[in-house]
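S.K.: The structure is given below, and queries will be raised subsequently.
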Amino acid sequence: MTKISLVAFDGTRFDVDAENGSTVMENAIRNSVPGIEAECGGACACATCHVYVDEKWAEAVGSPEAMEEDMLDFAFDVRPTSRLSCQIKVRDDLDGLVVHVPERQA
């Protein structure tokens, strides 16, 4: 299991044990993290699972692919570390990952 932390907009921190191969979005939904709506269910067809990857994790997580970049155009308050949580696969080298949920989803 890989530990990830999801920080809600109000500062509430959700520390979860995530299975490798799952997505950050799936773990957010399973743990009722407020602000992650995931309307498309993880198909990269909306921007309602938008998160900000903590600066120190940005390089490890990597950059969005073209389809994700297109969807991020619809997200609220996009920043350099913005990602769709449905596109971040949990893996061993992300143990300790921290992501922040924006004020609202698009």
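Residues are referred to by chain and number: the chain letter is A, B, ... according to the order shown in the structure tokens, the number counts from 1 in that chain, and ligands are numbered separately from 1 in the order shown.
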For range 44-53 of chain A, work out the shell of residues within 7 Å, counting only C-alpha atoms and skipping chain neighbours fewer than 3 positions away, then give it as an MDAnalysis selection string.
M.R.: chainID A and resid 25 36:40 57:58 68 71:72 74:75 81:86 98:102 105:106
S.K.: Which of these, A:Leu6, A:Ile29, A:Ala43, A:Ile88, has the shortest distance to Ala60 in chain A once you count only C-alpha atoms?
M.R.: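 Smallest distance to Ala60 in chain A is found for A:Ile88.
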S.K.: I'd like the interatomic distance between CA of Thr23 in chain A and CA of Asp92 in chain A, to a tenth of an Å.
M.R.: 12.6 Å
